file target34.csv (CSV, C-alpha atoms)
chain,number,residue,atom,x,y,z
W,7,ALA,CA,121.0,-1.0,176.1
W,8,VAL,CA,122.1,-0.3,179.6
W,9,VAL,CA,123.0,-3.5,181.3
W,10,SER,CA,123.3,-3.1,185.0
W,11,THR,CA,124.0,-5.5,187.9
W,12,GLN,CA,122.3,-3.1,190.2
W,13,SER,CA,118.6,-3.3,191.0
W,14,THR,CA,116.4,-0.7,189.5
W,15,GLY,CA,115.9,0.9,192.9
W,16,GLU,CA,119.7,1.4,193.1
W,17,LEU,CA,119.6,3.1,189.8
W,18,GLY,CA,117.3,5.7,191.3
W,19,VAL,CA,114.7,5.6,188.5
W,20,ASP,CA,110.9,5.8,188.7
W,21,TYR,CA,110.4,4.2,185.3
W,22,LEU,CA,112.7,2.2,183.0
W,23,THR,CA,111.9,0.8,179.6
W,24,ILE,CA,113.8,-2.2,178.2
W,25,VAL,CA,113.7,-3.2,174.6
W,26,GLY,CA,115.1,-6.6,173.5
W,27,HIS,CA,116.5,-5.7,170.1
W,28,LYS,CA,119.1,-3.4,171.8
W,29,PHE,CA,120.8,-6.5,173.3
W,30,TYR,CA,120.3,-9.2,170.7
W,31,GLY,CA,116.9,-10.2,172.0
W,32,PRO,CA,113.4,-10.3,170.4
W,33,ARG,CA,111.7,-7.1,169.4
W,34,ILE,CA,109.6,-6.8,172.6
W,35,GLY,CA,109.8,-4.4,175.5
W,36,ALA,CA,109.1,-4.2,179.2
W,37,LEU,CA,108.4,-1.4,181.5
W,38,TYR,CA,109.6,-1.1,185.1
W,39,ALA,CA,107.5,1.3,187.3
W,40,SER,CA,108.7,1.8,190.8
W,41,SER,CA,105.6,3.6,191.9
W,42,PRO,CA,102.7,3.6,189.6
W,43,PRO,CA,100.0,5.3,189.2
W,44,LEU,CA,100.0,4.4,185.5
W,45,ARG,CA,96.7,4.6,183.7
W,46,PRO,CA,95.8,2.2,181.0
W,47,LEU,CA,95.7,3.4,177.4
W,48,PHE,CA,93.5,0.5,176.4
W,49,TYR,CA,90.9,-1.4,178.4
W,50,GLY,CA,89.8,-5.0,178.2
W,51,GLY,CA,90.9,-8.0,180.2
W,52,GLY,CA,92.5,-7.9,183.6
W,53,GLN,CA,96.0,-8.8,182.4
W,54,GLU,CA,99.0,-7.1,184.0
W,55,ARG,CA,96.8,-6.1,187.0
W,56,GLY,CA,94.4,-4.2,184.7
W,57,TYR,CA,97.1,-2.1,183.0
W,58,ARG,CA,96.7,-3.8,179.5
W,59,PRO,CA,94.3,-6.0,177.7
W,60,GLY,CA,95.3,-9.0,175.5
W,61,THR,CA,97.2,-12.2,175.8
W,62,GLU,CA,100.8,-12.0,176.8
W,63,ASN,CA,103.3,-13.1,174.2
W,64,THR,CA,105.0,-15.7,176.4
W,65,PRO,CA,107.6,-16.9,173.9
W,66,MET,CA,108.8,-13.3,173.4
W,67,ILE,CA,108.8,-12.5,177.1
W,68,ALA,CA,110.9,-15.6,177.8
W,69,GLY,CA,113.2,-14.6,174.9
W,70,LEU,CA,113.6,-11.1,176.4
W,71,GLY,CA,114.5,-12.6,179.8
W,72,GLU,CA,117.0,-15.0,178.3
W,73,ALA,CA,118.6,-12.2,176.2
W,74,ALA,CA,118.9,-10.0,179.3
W,75,GLU,CA,120.6,-12.8,181.2
W,76,GLN,CA,123.1,-13.3,178.4
W,77,ALA,CA,123.7,-9.6,178.1
W,78,VAL,CA,124.5,-9.3,181.8
W,79,ALA,CA,126.9,-12.3,181.6
W,80,ALA,CA,128.6,-10.9,178.5
W,81,ALA,CA,129.0,-7.4,180.1
W,82,ALA,CA,130.5,-8.9,183.2
W,83,ALA,CA,133.0,-11.0,181.1
W,84,SER,CA,134.3,-8.2,178.9
W,85,SER,CA,135.1,-4.6,178.6
W,86,SER,CA,135.8,-4.9,174.9
W,87,LEU,CA,132.9,-2.7,173.8
W,88,SER,CA,134.4,0.4,175.3
W,89,ASP,CA,137.8,-0.6,174.1
W,90,VAL,CA,136.5,-0.8,170.5
W,91,ARG,CA,134.7,2.5,170.9
W,92,ASP,CA,137.8,4.2,172.4
W,93,CYS,CA,139.9,2.8,169.6
W,94,PHE,CA,137.5,4.2,167.0
W,95,GLU,CA,137.4,7.7,168.6
W,96,GLY,CA,141.2,7.8,169.1
W,97,LEU,CA,141.8,6.9,165.4
W,98,LEU,CA,139.1,9.4,164.2
W,99,LEU,CA,140.7,12.2,166.2
W,100,LYS,CA,144.2,11.2,164.9
W,101,GLU,CA,143.1,11.1,161.3
W,102,LEU,CA,140.8,14.2,161.1
W,103,GLY,CA,142.0,16.3,164.1
W,104,GLU,CA,140.2,18.1,166.8
W,105,ASP,CA,139.3,21.0,164.5
W,106,VAL,CA,137.0,18.7,162.5
W,107,VAL,CA,136.0,16.0,165.1
W,108,ARG,CA,134.2,16.7,168.4
W,109,ILE,CA,133.3,13.7,170.5
W,110,HIS,CA,130.2,14.5,172.4
W,111,CYS,CA,130.1,13.7,176.2
W,112,ARG,CA,133.5,12.1,176.0
W,113,VAL,CA,134.3,12.6,179.7
W,114,ALA,CA,130.7,11.8,180.9
W,115,PRO,CA,129.5,8.4,181.9
W,116,ARG,CA,128.1,6.9,178.7
W,117,LEU,CA,127.2,3.7,177.0
W,118,PRO,CA,130.3,1.6,176.2
W,119,ASN,CA,129.2,0.7,172.7
W,120,THR,CA,128.2,4.1,171.3
W,121,SER,CA,130.1,7.0,169.9
W,122,ASN,CA,128.4,10.3,169.0
W,123,PHE,CA,130.5,12.9,167.4
W,124,ALA,CA,130.4,15.9,165.1
W,125,LEU,CA,132.3,16.2,161.9
W,126,ARG,CA,132.5,20.0,161.6
W,127,GLY,CA,132.1,21.5,158.2
W,128,THR,CA,130.0,18.5,156.9
W,129,ARG,CA,126.4,17.5,156.7
W,130,SER,CA,125.9,14.2,158.5
W,131,ARG,CA,123.4,13.0,155.9
W,132,ASP,CA,125.9,13.5,153.1
W,133,VAL,CA,128.7,11.7,155.0
W,134,LEU,CA,126.5,8.7,155.8
W,135,GLU,CA,125.5,8.4,152.1
W,136,ARG,CA,129.1,8.0,151.2
W,137,VAL,CA,130.3,5.4,153.7
W,138,LYS,CA,130.2,1.6,153.4
W,139,PHE,CA,129.0,0.9,156.9
W,140,VAL,CA,125.8,1.6,158.7
W,141,ALA,CA,125.5,4.5,161.2
W,142,SER,CA,122.9,7.1,162.0
W,143,ARG,CA,122.4,10.7,162.7
W,144,GLY,CA,120.5,9.9,165.8
W,145,ALA,CA,117.4,8.1,167.0
W,146,ALA,CA,115.5,6.2,164.2
W,147,CYS,CA,112.2,7.9,165.2
W,148,HIS,CA,113.7,11.2,164.0
W,149,SER,CA,115.7,10.0,161.0
W,150,ASP,CA,113.5,11.9,158.5
W,151,ARG,CA,114.1,15.3,160.1
W,152,GLU,CA,116.8,17.8,159.4
W,153,THR,CA,116.6,19.3,162.9
W,154,PRO,CA,119.2,19.0,165.6
W,155,SER,CA,118.9,16.3,168.2
W,156,GLN,CA,117.2,17.8,171.3
W,157,VAL,CA,119.2,15.4,173.4
W,158,LEU,CA,122.5,16.8,172.1
W,159,LEU,CA,121.3,20.3,172.6
W,160,ASN,CA,120.4,19.5,176.2
W,161,PHE,CA,123.9,18.3,176.7
W,162,GLY,CA,125.2,21.7,175.6
W,163,VAL,CA,126.2,20.7,172.1
W,164,SER,CA,125.8,23.7,169.7
W,165,THR,CA,123.1,23.6,167.0
W,166,GLU,CA,125.8,23.7,164.4
W,167,ASP,CA,127.6,20.7,165.9
W,168,ALA,CA,124.4,18.8,166.5
W,169,LEU,CA,123.4,19.1,162.8
W,170,CYS,CA,126.7,17.5,161.7
W,171,SER,CA,126.7,14.7,164.3
W,172,ILE,CA,126.9,11.0,163.6
W,173,ARG,CA,126.2,8.1,166.0
W,174,VAL,CA,128.1,4.9,165.6
W,175,SER,CA,127.2,1.8,167.6
W,176,PHE,CA,129.4,-1.3,168.1
W,177,GLY,CA,128.2,-4.8,168.9
W,178,GLN,CA,129.5,-7.5,171.2
W,179,HIS,CA,131.4,-9.0,168.2
W,180,SER,CA,132.9,-5.7,166.8
W,181,THR,CA,136.6,-5.6,166.4
W,182,PRO,CA,139.3,-2.9,166.4
W,183,GLU,CA,139.8,-3.8,162.7
W,184,GLU,CA,136.2,-2.8,162.0
W,185,ALA,CA,136.7,0.4,164.0
W,186,GLU,CA,139.7,1.1,161.7
W,187,PHE,CA,137.6,0.4,158.6
W,188,ALA,CA,134.8,2.8,159.8
W,189,VAL,CA,137.4,5.6,160.4
W,190,SER,CA,138.9,5.1,157.0
W,191,GLU,CA,135.5,5.3,155.4
W,192,LEU,CA,134.7,8.5,157.3
W,193,VAL,CA,138.0,10.0,156.3
W,194,ARG,CA,137.3,9.2,152.7
W,195,ALA,CA,133.7,10.5,152.9
W,196,VAL,CA,134.8,13.8,154.5
W,197,GLY,CA,137.5,14.3,151.8
W,198,GLN,CA,135.0,14.0,148.9

call {"tool": "encode", "arguments": {"input": "target34.csv", "output": "structure tokens"}}
result
Amino acid sequence: AVVSTQSTGELGVDYLTIVGHKFYGPRIGALYASSPPLRPLFYGGGQERGYRPGTENTPMIAGLGEAAEQAVAAAAASSSLSDVRDCFEGLLLKELGEDVVRIHCRVAPRLPNTSNFALRGTRSRDVLERVKFVASRGAACHSDRETPSQVLLNFGVSTEDALCSIRVSFGQHSTPEEAEFAVSELVRAVGQ
């Protein structure tokens, strides 16, 4: 989740989706639209200024708001997420070398909790089956496909590197020791 102290207007976006489970909130989402015209997909009652029918789930909406407030407060209080991510990436490069590891978008602005990298000469699905922690090859909605991530391709990552890419996400309670464990597991899995 991108947590920003800026208003959505300052972000320069027309639309922004927010999903609570990305920042320890309930599994509900919200949509910011700076300049509708959005057209309803479903028709019924006049809720949400005619954009959607049905009764709003007030407890989940309140939970999303509370989780967002806590996420903003946690982000302001600590830079530890990027520290853990950077520790992980540094150890991974040290252990396996730049011939094997390619960190995607390393010098670009990116989420502080996420590392996306290629382990050249491997198949990401095979590596992930051997490690004792949870990671992914990309977005959950594409997890059943053996095709390269279109997002990585759009960033200029080669098809070959995109196919052997892994995404590791760290949480607000992740530690450098957990990053070290993940690296040791990846080293072991690549060596098998």

call {"tool": "atom_distance", "arguments": {"input": "target34.csv", "atom1": "atom CA of Glu152 of chain W", "atom2": "atom CA of Cys111 of chain W"}}
result
21.8 Å

call {"tool": "residues_around", "arguments": {"input": "target34.csv", "residues": "Arg91 of chain W", "least_positions_apart": "6", "cutoff": "7 Å", "atoms": "all atoms listed in the file", "output": "PyMOL selection string"}}
result
chain W and resi 118-121

call {"tool": "residues_around", "arguments": {"input": "target34.csv", "residues": "Ser155 of chain W", "least_positions_apart": "5", "cutoff": "8 Å", "atoms": "only C-alpha atoms", "output": "ChimeraX atom specification"}}
result
/W:144,168-169

call {"tool": "residues_around", "arguments": {"input": "target34.csv", "residues": "Leu97 of chain W", "least_positions_apart": "3", "cutoff": "8 Å", "atoms": "all atoms listed in the file", "output": "list in words"}}
result
Cys93, Phe94, Lys100, Glu101, Glu186 and Val189 of chain W

call {"tool": "write_last_selection", "arguments": {"input": "target34.csv", "atoms": "C-alpha atoms", "output": "mmCIF file, in the frame of the given file"}}
result
data_model
loop_
_atom_site.group_PDB
_atom_site.id
_atom_site.type_symbol
_atom_site.label_atom_id
_atom_site.label_comp_id
_atom_site.auth_asym_id
_atom_site.auth_seq_id
_atom_site.Cartn_x
_atom_site.Cartn_y
_atom_site.Cartn_z
ATOM 1 C CA CYS W 93 139.900 2.800 169.600
ATOM 2 C CA PHE W 94 137.500 4.200 167.000
ATOM 3 C CA LYS W 100 144.200 11.200 164.900
ATOM 4 C CA GLU W 101 143.100 11.100 161.300
ATOM 5 C CA GLU W 186 139.700 1.100 161.700
ATOM 6 C CA VAL W 189 137.400 5.600 160.400
#

call {"tool": "closest_residue", "arguments": {"input": "target34.csv", "among": "W:Ser190, W:Gln198, W:Thr153, W:Ser130", "to": "Ser171 of chain W", "atoms": "all atoms listed in the file"}}
result
W:Ser130

call {"tool": "closest_residue", "arguments": {"input": "target34.csv", "among": "W:Ala114, W:Val25, W:Ala195, W:Ala79", "to": "Met66 of chain W", "atoms": "all atoms listed in the file"}}
result
W:Val25

call {"tool": "closest_residue", "arguments": {"input": "target34.csv", "among": "W:His110, W:Ala36, W:Leu22, W:Phe187", "to": "Gly162 of chain W", "atoms": "only C-alpha atoms"}}
result
W:His110

call {"tool": "residues_around", "arguments": {"input": "target34.csv", "residues": "Val196 of chain W", "least_positions_apart": "2", "cutoff": "10 Å", "atoms": "only C-alpha atoms", "output": "PyMOL selection string"}}
result
chain W and resi 102+106+125-130+132-134+136-137+190-194+198

call {"tool": "write_last_selection", "arguments": {"input": "target34.csv", "atoms": "C-alpha atoms", "output": "mmCIF file, in the frame of the given file"}}
result
data_model
loop_
_atom_site.group_PDB
_atom_site.id
_atom_site.type_symbol
_atom_site.label_atom_id
_atom_site.label_comp_id
_atom_site.auth_asym_id
_atom_site.auth_seq_id
_atom_site.Cartn_x
_atom_site.Cartn_y
_atom_site.Cartn_z
ATOM 1 C CA LEU W 102 140.800 14.200 161.100
ATOM 2 C CA VAL W 106 137.000 18.700 162.500
ATOM 3 C CA LEU W 125 132.300 16.200 161.900
ATOM 4 C CA ARG W 126 132.500 20.000 161.600
ATOM 5 C CA GLY W 127 132.100 21.500 158.200
ATOM 6 C CA THR W 128 130.000 18.500 156.900
ATOM 7 C CA ARG W 129 126.400 17.500 156.700
ATOM 8 C CA SER W 130 125.900 14.200 158.500
ATOM 9 C CA ASP W 132 125.900 13.500 153.100
ATOM 10 C CA VAL W 133 128.700 11.700 155.000
ATOM 11 C CA LEU W 134 126.500 8.700 155.800
ATOM 12 C CA ARG W 136 129.100 8.000 151.200
ATOM 13 C CA VAL W 137 130.300 5.400 153.700
ATOM 14 C CA SER W 190 138.900 5.100 157.000
ATOM 15 C CA GLU W 191 135.500 5.300 155.400
ATOM 16 C CA LEU W 192 134.700 8.500 157.300
ATOM 17 C CA VAL W 193 138.000 10.000 156.300
ATOM 18 C CA ARG W 194 137.300 9.200 152.700
ATOM 19 C CA GLN W 198 135.000 14.000 148.900
#

call {"tool": "closest_residue", "arguments": {"input": "target34.csv", "among": "W:Leu117, W:Leu44, W:Ala141, W:Val78", "to": "Val174 of chain W", "atoms": "all atoms listed in the file"}}
result
W:Ala141

call {"tool": "closest_residue", "arguments": {"input": "target34.csv", "among": "W:Pro65, W:Gly18, W:Gly26, W:Pro59", "to": "Ser40 of chain W", "atoms": "all atoms listed in the file"}}
result
W:Gly18

call {"tool": "closest_residue", "arguments": {"input": "target34.csv", "among": "W:Val163, W:Leu99, W:Ile172, W:Ala77", "to": "Tyr30 of chain W", "atoms": "all atoms listed in the file"}}
result
W:Ala77

call {"tool": "atom_distance", "arguments": {"input": "target34.csv", "atom1": "atom CA of Gly177 of chain W", "atom2": "atom CA of Ser142 of chain W"}}
result
14.7 Å

call {"tool": "atom_distance", "arguments": {"input": "target34.csv", "atom1": "atom CA of Ala124 of chain W", "atom2": "atom CA of Glu166 of chain W"}}
result
9.1 Å

call {"tool": "axis_aligned_box", "arguments": {"input": "target34.csv", "around": "segment 20-30 of chain W", "padding_each_side": "5 Å", "output": "lines of an AutoDock Vina configuration file"}}
result
center_x = 115.6
center_y = -1.7
center_z = 179.4
size_x = 20.4
size_y = 25.0
size_z = 28.6
